[in-house]
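Undergrad: I am sharing coords_20.cif, which consists of mmCIF, C-alpha atoms and all ligand atoms:
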```
data_upload
loop_
_atom_site.label_atom_id
_atom_site.label_comp_id
_atom_site.auth_asym_id
_atom_site.auth_seq_id
_atom_site.Cartn_x
_atom_site.Cartn_y
_atom_site.Cartn_z
CA MET A 1 -4.34 -16.20 -11.25
CA THR A 2 -4.70 -19.92 -10.84
CA GLY A 3 -6.03 -21.33 -7.61
CA ASN A 4 -3.01 -23.59 -7.79
CA LEU A 5 -0.66 -20.86 -6.60
CA ILE A 6 -2.96 -19.98 -3.70
CA GLU A 7 -3.12 -23.68 -2.83
CA GLN A 8 0.69 -23.83 -2.79
CA ALA A 9 0.76 -20.85 -0.43
CA ALA A 10 -1.85 -22.56 1.75
CA ASP A 11 0.35 -25.69 1.86
CA PHE A 12 3.34 -23.55 2.83
CA ILE A 13 1.33 -22.37 5.84
CA ARG A 14 -0.20 -25.79 6.67
CA GLU A 15 3.10 -27.66 6.55
CA ASN A 16 5.25 -25.17 8.47
CA ASP A 17 5.27 -23.32 11.80
CA GLY A 18 6.98 -20.13 12.99
CA PHE A 19 6.14 -17.27 10.60
CA THR A 20 7.29 -13.68 10.44
CA LEU A 21 4.76 -11.61 8.48
CA ILE A 22 6.28 -8.46 7.03
CA ALA A 23 4.26 -5.34 6.18
CA HIS A 24 5.88 -2.73 3.94
CA ILE A 25 7.35 0.58 5.07
CA SER A 26 5.03 3.62 5.04
CA PRO A 27 2.30 1.08 5.80
CA ASP A 28 -1.13 1.51 4.22
CA GLY A 29 -4.49 -0.15 4.84
CA ASP A 30 -3.77 -3.03 2.49
CA THR A 31 -0.40 -4.11 3.86
CA LEU A 32 -1.59 -3.73 7.48
CA GLY A 33 -5.06 -5.19 6.95
CA SER A 34 -3.61 -8.11 4.96
CA ALA A 35 -0.75 -8.84 7.36
CA LEU A 36 -2.99 -8.63 10.44
CA ALA A 37 -5.70 -10.74 8.78
CA LEU A 38 -3.15 -13.44 7.98
CA TYR A 39 -1.86 -13.14 11.54
CA GLY A 40 -5.42 -13.80 12.70
CA VAL A 41 -5.62 -16.85 10.43
CA LEU A 42 -2.36 -18.21 11.85
CA LYS A 43 -3.64 -17.64 15.39
CA GLU A 44 -6.80 -19.62 14.56
CA LEU A 45 -4.54 -22.39 13.26
CA LYS A 46 -2.55 -22.23 16.54
CA LYS A 47 0.62 -21.42 14.60
CA ASP A 48 3.50 -19.42 16.06
CA ALA A 49 3.59 -16.07 14.23
CA GLN A 50 4.54 -12.41 14.51
CA VAL A 51 3.85 -9.33 12.40
CA VAL A 52 6.60 -6.77 11.84
CA CYS A 53 6.80 -3.37 10.17
CA GLY A 54 9.61 -0.85 9.86
CA ASN A 55 7.22 1.99 10.77
CA ARG A 56 4.63 2.44 13.45
CA VAL A 57 0.94 1.96 12.67
CA PRO A 58 -0.57 5.23 11.33
CA PRO A 59 -3.25 6.63 13.70
CA ASN A 60 -6.12 5.78 11.31
CA TYR A 61 -5.22 2.08 11.43
CA VAL A 62 -4.67 1.69 15.16
CA PHE A 63 -8.24 0.35 15.41
CA LEU A 64 -7.37 -2.73 13.37
CA PRO A 65 -7.61 -5.98 15.32
CA TYR A 66 -4.15 -7.19 16.44
CA ALA A 67 -2.57 -3.79 15.55
CA ASP A 68 -1.30 -3.52 19.13
CA GLU A 69 0.67 -6.74 18.61
CA LEU A 70 2.62 -5.41 15.61
CA LEU A 71 6.36 -5.43 16.34
CA SER A 72 9.29 -3.34 15.20
CA PRO A 73 11.91 -5.52 13.45
CA GLU A 74 14.29 -4.95 16.39
CA ALA A 75 11.74 -6.41 18.82
CA ALA A 76 10.99 -9.42 16.60
CA ARG A 77 12.20 -12.99 17.14
CA LYS A 78 14.07 -14.96 14.50
CA LEU A 79 11.48 -17.39 13.11
CA PRO A 80 12.16 -19.99 10.40
CA PHE A 81 9.61 -18.79 7.80
CA ALA A 82 8.93 -15.33 6.44
CA ILE A 83 6.04 -13.95 4.41
CA SER A 84 6.21 -10.50 2.79
CA ILE A 85 2.86 -8.85 2.30
CA ASP A 86 2.04 -6.25 -0.37
CA CYS A 87 5.78 -5.65 -1.00
CA ALA A 88 6.54 -5.16 -4.73
CA ASP A 89 10.26 -5.55 -4.13
CA ALA A 90 12.58 -6.49 -1.28
CA LEU A 91 13.36 -2.83 -0.55
CA ARG A 92 9.73 -2.26 0.48
CA MET A 93 10.42 -4.37 3.56
CA GLY A 94 12.83 -1.67 4.75
CA VAL A 95 14.57 -2.54 8.02
CA SER A 96 12.48 -5.74 8.23
CA ALA A 97 14.40 -7.22 5.25
CA PRO A 98 17.10 -8.99 7.35
CA LEU A 99 14.35 -11.07 9.02
CA PHE A 100 13.19 -12.13 5.55
CA ASP A 101 16.71 -12.86 4.31
CA ALA A 102 17.53 -14.94 7.41
CA ALA A 103 14.46 -17.20 7.03
CA GLN A 104 14.96 -20.76 5.75
CA SER A 105 12.05 -20.34 3.36
CA THR A 106 10.11 -17.33 2.12
CA LEU A 107 6.76 -16.48 0.55
CA ASN A 108 5.91 -13.24 -1.28
CA LEU A 109 2.17 -12.39 -1.32
CA ASP A 110 1.45 -9.37 -3.49
CA HIS A 111 -0.63 -7.80 -6.27
CA HIS A 112 1.79 -5.26 -7.83
CA VAL A 113 2.48 -5.84 -11.54
CA THR A 114 6.01 -4.56 -10.89
CA ASN A 115 6.71 -7.34 -8.34
CA THR A 116 10.28 -8.62 -8.73
CA ALA A 117 9.61 -12.22 -7.50
CA TYR A 118 12.33 -11.97 -4.84
CA ALA A 119 11.13 -14.83 -2.60
CA LYS A 120 11.45 -18.60 -2.81
CA MET A 121 7.69 -18.84 -3.48
CA ASN A 122 6.05 -15.91 -5.23
CA VAL A 123 2.28 -15.63 -5.23
CA VAL A 124 1.64 -12.43 -7.16
CA ASP A 125 -1.68 -11.56 -8.78
CA GLY A 126 -1.60 -8.31 -10.73
CA SER A 127 -5.35 -8.54 -11.34
CA ALA A 128 -6.18 -8.42 -7.63
CA ALA A 129 -7.28 -4.98 -6.41
CA ALA A 130 -5.59 -5.55 -3.06
CA THR A 131 -3.28 -8.09 -1.47
CA GLY A 132 -6.28 -8.53 0.84
CA GLU A 133 -7.99 -10.50 -1.96
CA LEU A 134 -5.16 -13.06 -1.87
CA ILE A 135 -5.30 -13.26 1.92
CA TYR A 136 -9.07 -13.80 1.71
CA LYS A 137 -8.55 -16.73 -0.68
CA LEU A 138 -5.91 -18.18 1.62
CA ALA A 139 -8.18 -17.77 4.65
CA MET A 140 -11.01 -19.58 2.86
CA ARG A 141 -8.70 -22.55 2.26
CA LEU A 142 -7.29 -22.58 5.78
CA LEU A 143 -10.31 -21.83 7.99
CA PRO A 144 -13.92 -23.07 8.09
CA CYS A 145 -15.11 -19.42 8.14
CA LEU A 146 -13.87 -15.87 8.66
CA THR A 147 -13.78 -14.54 12.23
CA GLU A 148 -14.93 -10.97 12.87
CA PRO A 149 -11.38 -9.61 13.53
CA ILE A 150 -10.10 -11.20 10.31
CA SER A 151 -13.08 -9.74 8.40
CA VAL A 152 -12.40 -6.22 9.74
CA CYS A 153 -8.76 -6.47 8.61
CA LEU A 154 -9.64 -7.83 5.16
CA TYR A 155 -12.40 -5.29 4.57
CA THR A 156 -10.01 -2.45 5.45
CA ALA A 157 -7.43 -3.84 3.01
CA LEU A 158 -9.97 -3.91 0.16
CA LEU A 159 -11.60 -0.60 1.09
CA THR A 160 -8.34 1.38 1.12
CA ASP A 161 -6.62 -0.09 -1.96
CA THR A 162 -9.74 0.42 -4.09
CA GLY A 163 -10.44 3.96 -2.87
CA SER A 164 -13.71 2.74 -1.36
CA PHE A 165 -14.37 0.41 -4.34
CA ALA A 166 -14.10 3.33 -6.77
CA TYR A 167 -10.77 2.83 -8.56
CA SER A 168 -10.52 0.98 -11.87
CA ASN A 169 -8.85 -1.98 -10.11
CA THR A 170 -12.21 -2.90 -8.55
CA THR A 171 -13.49 -6.06 -10.25
CA PRO A 172 -16.62 -8.21 -9.87
CA GLU A 173 -14.34 -10.56 -7.92
CA THR A 174 -13.40 -7.72 -5.54
CA MET A 175 -17.08 -7.02 -4.91
CA ARG A 176 -17.89 -10.71 -4.40
CA ILE A 177 -15.07 -11.02 -1.88
CA ALA A 178 -16.22 -7.83 -0.12
CA ALA A 179 -19.79 -9.13 -0.03
CA ASP A 180 -18.63 -12.39 1.49
CA ILE A 181 -16.62 -10.50 4.12
CA LEU A 182 -19.74 -8.42 4.94
CA GLU A 183 -21.65 -11.63 5.69
CA SER A 184 -19.69 -11.81 8.95
CA GLY A 185 -21.66 -8.77 10.13
CA ILE A 186 -18.87 -6.21 10.52
CA ASP A 187 -19.68 -2.51 11.00
CA THR A 188 -18.54 -0.98 7.69
CA TYR A 189 -19.87 2.48 8.58
CA GLU A 190 -17.62 2.53 11.63
CA ILE A 191 -14.59 1.29 9.64
CA ASN A 192 -15.17 4.03 7.06
CA ARG A 193 -15.44 6.67 9.80
CA LEU A 194 -12.22 5.52 11.47
CA VAL A 195 -10.22 5.25 8.22
CA TYR A 196 -11.44 8.31 6.30
CA ARG A 197 -13.50 10.62 8.49
CA THR A 198 -11.10 11.03 11.41
CA VAL A 199 -8.48 13.64 10.50
CA PRO A 200 -6.21 15.60 12.87
CA TYR A 201 -6.19 19.40 12.50
CA HIS A 202 -2.50 19.56 11.48
CA LYS A 203 -3.20 17.23 8.55
CA VAL A 204 -5.90 19.56 7.24
CA LYS A 205 -3.50 22.51 7.61
CA LEU A 206 -0.83 20.59 5.66
CA LEU A 207 -3.35 19.90 2.93
CA GLY A 208 -3.94 23.66 2.73
CA LEU A 209 -0.21 24.29 2.30
CA ALA A 210 0.18 21.57 -0.32
CA LEU A 211 -2.78 22.80 -2.36
CA ASN A 212 -1.47 26.34 -2.17
CA ASN A 213 1.85 25.12 -3.65
CA MET A 214 0.13 23.32 -6.53
CA GLU A 215 0.75 24.31 -10.14
CA LEU A 216 -0.56 23.16 -13.51
CA LEU A 217 1.70 22.57 -16.53
CA CYS A 218 1.38 21.03 -20.00
CA GLY A 219 -1.82 22.92 -20.70
CA GLY A 220 -3.30 21.77 -17.40
CA ARG A 221 -2.74 18.05 -17.99
CA LEU A 222 0.10 17.88 -15.46
CA GLY A 223 -0.62 18.85 -11.85
CA LEU A 224 2.26 19.10 -9.40
CA THR A 225 2.74 19.99 -5.80
CA ALA A 226 5.48 19.59 -3.22
CA VAL A 227 5.86 19.92 0.52
CA THR A 228 9.17 20.45 2.28
CA LEU A 229 10.18 19.27 5.73
CA GLU A 230 10.12 22.89 6.88
CA GLU A 231 6.53 23.32 5.71
CA MET A 232 5.49 20.10 7.47
CA ARG A 233 7.17 21.29 10.67
CA SER A 234 5.46 24.69 10.43
CA VAL A 235 2.05 23.07 10.97
CA GLY A 236 3.21 20.23 13.24
CA ALA A 237 2.71 17.60 10.54
CA THR A 238 4.90 14.71 9.39
CA GLU A 239 5.39 12.91 6.10
CA GLU A 240 2.55 10.47 6.73
CA ASP A 241 0.15 13.43 6.87
CA THR A 242 0.71 13.98 3.13
CA GLU A 243 -1.33 10.85 2.45
CA GLY A 244 -4.36 11.77 0.36
CA VAL A 245 -2.94 15.09 -0.89
CA ILE A 246 -2.23 13.62 -4.34
CA ASP A 247 -5.93 12.82 -4.84
CA TYR A 248 -6.81 16.53 -4.82
CA VAL A 249 -4.17 17.20 -7.48
CA ARG A 250 -5.39 14.34 -9.66
CA ASP A 251 -9.03 15.39 -9.20
CA VAL A 252 -8.54 18.73 -10.98
CA ASP A 253 -10.64 18.46 -14.12
CA SER A 254 -7.87 19.04 -16.68
CA VAL A 255 -5.24 16.86 -14.96
CA GLU A 256 -4.14 13.51 -16.42
CA VAL A 257 -0.90 13.09 -14.45
CA ALA A 258 -0.54 14.23 -10.84
CA VAL A 259 2.76 14.44 -8.98
CA LEU A 260 3.40 15.01 -5.29
CA LEU A 261 6.95 15.47 -4.03
CA ARG A 262 7.49 15.30 -0.32
CA GLU A 263 10.81 15.88 1.38
CA VAL A 264 11.59 12.98 3.72
CA ASP A 265 15.17 13.92 4.60
CA THR A 266 17.51 16.71 3.53
CA ASP A 267 17.71 16.44 -0.29
CA VAL A 268 15.71 13.19 -0.31
CA PHE A 269 12.23 13.28 -1.85
CA LYS A 270 9.51 10.73 -2.26
CA ALA A 271 7.48 11.19 -5.42
CA SER A 272 3.90 9.95 -5.71
CA LEU A 273 2.42 9.66 -9.19
CA ARG A 274 -1.19 9.27 -10.25
CA SER A 275 -2.82 9.20 -13.64
CA LYS A 276 -6.44 9.30 -14.61
CA ARG A 277 -7.10 7.62 -17.95
CA TYR A 278 -4.25 6.86 -20.34
CA VAL A 279 -0.71 7.46 -18.96
CA ASP A 280 1.07 4.50 -17.36
CA VAL A 281 2.91 6.18 -14.49
CA SER A 282 4.55 2.91 -13.37
CA LYS A 283 6.82 3.38 -16.43
CA ILE A 284 8.01 6.68 -14.95
CA SER A 285 8.58 5.15 -11.52
CA ARG A 286 10.43 2.18 -12.99
CA ALA A 287 12.82 4.51 -14.80
CA LYS A 288 13.67 5.82 -11.31
CA ASN A 289 13.89 2.35 -9.69
CA GLY A 290 10.50 2.82 -8.05
CA GLY A 291 7.38 0.71 -8.36
CA GLY A 292 3.62 0.68 -8.44
CA HIS A 293 0.69 0.30 -10.80
CA ALA A 294 -0.32 1.91 -14.12
CA PHE A 295 -2.44 4.58 -12.39
CA ALA A 296 -0.58 4.86 -9.04
CA ALA A 297 3.17 4.64 -8.61
CA GLY A 298 6.07 6.21 -6.78
CA TYR A 299 9.84 6.60 -6.57
CA THR A 300 12.53 8.18 -4.41
CA ALA A 301 14.73 10.99 -5.75
CA HIS A 302 17.95 12.44 -4.35
CA GLY A 303 19.17 15.96 -4.96
CA ALA A 304 18.36 19.60 -4.43
CA PHE A 305 14.65 20.41 -4.48
CA GLY A 306 14.88 22.43 -7.74
CA GLU A 307 16.56 19.57 -9.60
CA VAL A 308 14.20 16.90 -8.31
CA TYR A 309 11.18 19.04 -9.19
CA ALA A 310 12.53 19.82 -12.69
CA GLU A 311 13.22 16.13 -13.30
CA ALA A 312 9.67 15.19 -12.26
CA VAL A 313 8.29 17.83 -14.64
CA ARG A 314 10.51 16.53 -17.45
CA MET A 315 9.51 12.88 -17.01
CA ALA A 316 5.80 13.57 -16.54
CA SER A 317 5.70 15.92 -19.55
CA ALA A 318 7.40 13.28 -21.69
CA ALA A 319 4.93 10.67 -20.47
CA LEU A 320 2.03 12.88 -21.52
CA GLU A 321 3.42 13.34 -25.05
CA ASP A 322 4.89 9.92 -25.86
CA GLU A 323 2.81 6.96 -27.04
CA ALA A 324 5.28 4.60 -25.31
CA TRP A 325 4.00 5.74 -21.91
CA LYS A 326 0.36 4.98 -22.63
CA VAL A 327 -1.48 2.28 -20.76
CA SER A 328 -1.41 -0.80 -22.97
MN MN B 401 -1.80 -3.12 -1.99
#
```
Output the file's structure as structure tokens, nothing else.
Ligand SMILES: [Mn+2]
TA:
Amino acid sequence: MTGNLIEQAADFIRENDGFTLIAHISPDGDTLGSALALYGVLKELKKDAQVVCGNRVPPNYVFLPYADELLSPEAARKLPFAISIDCADALRMGVSAPLFDAAQSTLNLDHHVTNTAYAKMNVVDGSAAATGELIYKLAMRLLPCLTEPISVCLYTALLTDTGSFAYSNTTPETMRIAADILESGIDTYEINRLVYRTVPYHKVKLLGLALNNMELLCGGRLGLTAVTLEEMRSVGATEEDTEGVIDYVRDVDSVEVAVLLREVDTDVFKASLRSKRYVDVSKISRAKNGGGHAFAAGYTAHGAFGEVYAEAVRMASAALEDEAWKVS
């Protein structure tokens, strides 16, 4: 993307005051790390700002600097400017959306190719591995140097959206940005331990249930699993504990497309999709009004479990057979 767009976003911040930063629902390391890093930048600039999210901070991200200042939308003030962070569409803001809609001007900072450009100013870079890369570029224009809290937030954003710099979205640029962030002397071993190596017992038990439910179809190329609300309750887990389950399904040697269905309410299921080499799963999610990337996408489905599962099998099988679903 051109530096011009980043410069416009930097001007938007320089010229205005009073910002609501909005992280997406079911927050991950990128939306939280990016939103809190930008919050840190705004603090350095002595700007009035707040960070909101429709969900609480997951336990593994509570360590992030400024995480204790994150507000629920109900607790937030009405501020004149709003910035959505890592939100591919307006729905991703969840219950924070009214704060965005009420703002006199809005900025959308994101890296999803499916972004619907719903803001007044849209700074979307589909080649960025994480929204954190955009926030880094903004920070470099707005501050003389990165502070340690901002670096911790940005590093976490990059680390989590690249699967520890292992996914195909990791570019030389991603590594250069990460290297520059490391210059601030942050403890990356400790960040890795807090994000990935700190798992509650009930989450491990839920993983066991989910893996036990897994099946292979399409000659092993399609891996599916599902967890119901009842199963989550049986081990004292919640929906957010399903995070990471899909990776085990995708990792099976024969699997190209992995699907995880998790029940979030009675007859409401969230589907996570992953592919390994050649199927563009964002085409599946888009057909269901969802979003995401070529190798990682998701959608929400309504209906009885059997129907939702059968539909997922149908779509994923078609994607495996049809040239139209291949990554272009
Ligand atoms: Mn992201």
Undergrad: Compile the contact shell of A:Val313 as a PyMOL selection string: residues with an atom at most 12 Å away, counting all atoms listed in the file, same-chain residues fewer than 5 positions apart removed.
TA: chain A and resi 215-218+221-226+257-261+271+273+284+306-308+318-320
Undergrad: Throw together the list of residues within 8 Å of ligand MN 401 (chain B), counting only C-alpha atoms and all ligand atoms, and drop it here as a ChimeraX atom specification.
TA: /A:28-31,86,110-112,129-132,157,161
Undergrad: What are the closest atom pairs, with distances in Å to one decimal, for all residues of stretch 11-81 of chain A lying within 12 Å of stretch 187-211 of chain A? Consider only C-alpha atoms, order rows by chain and residue number, and present the result as CSV.
TA:
```
residue,atom,partner,partner_atom,distance
A:Asp28,CA,A:Val195,CA,10.6
A:Gly29,CA,A:Val195,CA,8.6
A:Asp30,CA,A:Val195,CA,12.0
A:Gly33,CA,A:Val195,CA,11.7
A:Pro58,CA,A:Val195,CA,10.1
A:Pro59,CA,A:Val195,CA,9.0
A:Asn60,CA,A:Val195,CA,5.2
A:Tyr61,CA,A:Val195,CA,6.7
A:Val62,CA,A:Leu194,CA,9.2
A:Phe63,CA,A:Leu194,CA,7.6
A:Leu64,CA,A:Ile191,CA,9.1
A:Pro65,CA,A:Ile191,CA,11.6
```
Undergrad: For the selection you just gave me, I'd like the residues written to a file as a short mmCIF file (atom, residue, chain, number, x, y, z; two decimals), in the coordinates of the input, keeping C-alpha atoms.
TA:
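The file below, selection.cif, is the result:
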```cif
data_model
loop_
_atom_site.label_atom_id
_atom_site.label_comp_id
_atom_site.auth_asym_id
_atom_site.auth_seq_id
_atom_site.Cartn_x
_atom_site.Cartn_y
_atom_site.Cartn_z
CA ASP A 28 -1.13 1.51 4.22
CA GLY A 29 -4.49 -0.15 4.84
CA ASP A 30 -3.77 -3.03 2.49
CA GLY A 33 -5.06 -5.19 6.95
CA PRO A 58 -0.57 5.23 11.33
CA PRO A 59 -3.25 6.63 13.70
CA ASN A 60 -6.12 5.78 11.31
CA TYR A 61 -5.22 2.08 11.43
CA VAL A 62 -4.67 1.69 15.16
CA PHE A 63 -8.24 0.35 15.41
CA LEU A 64 -7.37 -2.73 13.37
CA PRO A 65 -7.61 -5.98 15.32
#
```
Undergrad: For a quick check of understanding, using all atoms listed in the file, which of A:Val113, A:Val227, A:Leu79, A:Ala23 has the smallest distance to A:His293?
TA: A:Val113
Undergrad: Report as a list of chain:residue names all protein, DNA and RNA residues lying within 9 Å of A:Val57, evaluated on only C-alpha atoms, omitting residues in the same chain fewer than 4 positions from it.
TA: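 In the requested format, the answer is A:Ser26, A:Pro27, A:Asp28, A:Leu32, A:Cys53, A:Tyr61, A:Val62, A:Ala67, A:Asp68, A:Leu70.
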Undergrad: Box time for stretch 94-98 of chain A: axis-aligned, enclosing all its listed atoms, 4 Å extra on each side; report centre and edge lengths in Å to one decimal, as lines of an AutoDock Vina configuration file.
TA:
```
center_x = 14.8
center_y = -5.3
center_z = 6.5
size_x = 12.6
size_y = 15.3
size_z = 11.5
```
Undergrad: Report, in Å with one decimal, the straight-line distance from atom CA of A:Thr170 to atom CA of A:Glu7.
TA: 23.4 Å
Undergrad: Determine the nearest neighbour of A:Asp89 from the options A:Asp247, A:Gly291, A:Thr147, A:Leu138, counting only C-alpha atoms.
TA: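 Checking each of A:Asp247, A:Gly291, A:Thr147, A:Leu138 against A:Asp89, counting only C-alpha atoms, the winner is A:Gly291.
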Undergrad: Which one is closest to A:Ala297: A:Ala117, A:Leu143, A:Val235, A:Val279? Count only C-alpha atoms.
TA: A:Val279
Undergrad: Counting only C-alpha atoms, which residue out of A:Thr266, A:Gln104, A:Thr160, A:Ser285 sits closest to A:Gly244?
TA: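 Using only C-alpha atoms, the shortest distance to A:Gly244 belongs to A:Thr160.
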Undergrad: Nearest to A:Pro149: which of A:Leu38, A:Ala97, A:Val124, A:Ala76 is it, counting all atoms listed in the file?
TA: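 That would be A:Leu38, the residue with the smallest distance to A:Pro149.
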Undergrad: Report as a PyMOL selection string all protein, DNA and RNA residues lying within 12 Å of A:Ala301, evaluated on only C-alpha atoms, omitting residues in the same chain fewer than 2 positions from it.
TA: chain A and resi 261-272+285+287-290+298-299+303-312
Undergrad: In Å, rounded to a single decimal, give me how far atom CA of A:Ser317 is from atom CA of A:Val249.
TA: 15.6 Å
Undergrad: Using only C-alpha atoms, which residue out of A:Ser234, A:Ser72, A:Thr242, A:Asn115 lies closest to A:Ala90?
TA: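 Answer, going by the shortest atom-to-atom distance: A:Asn115.
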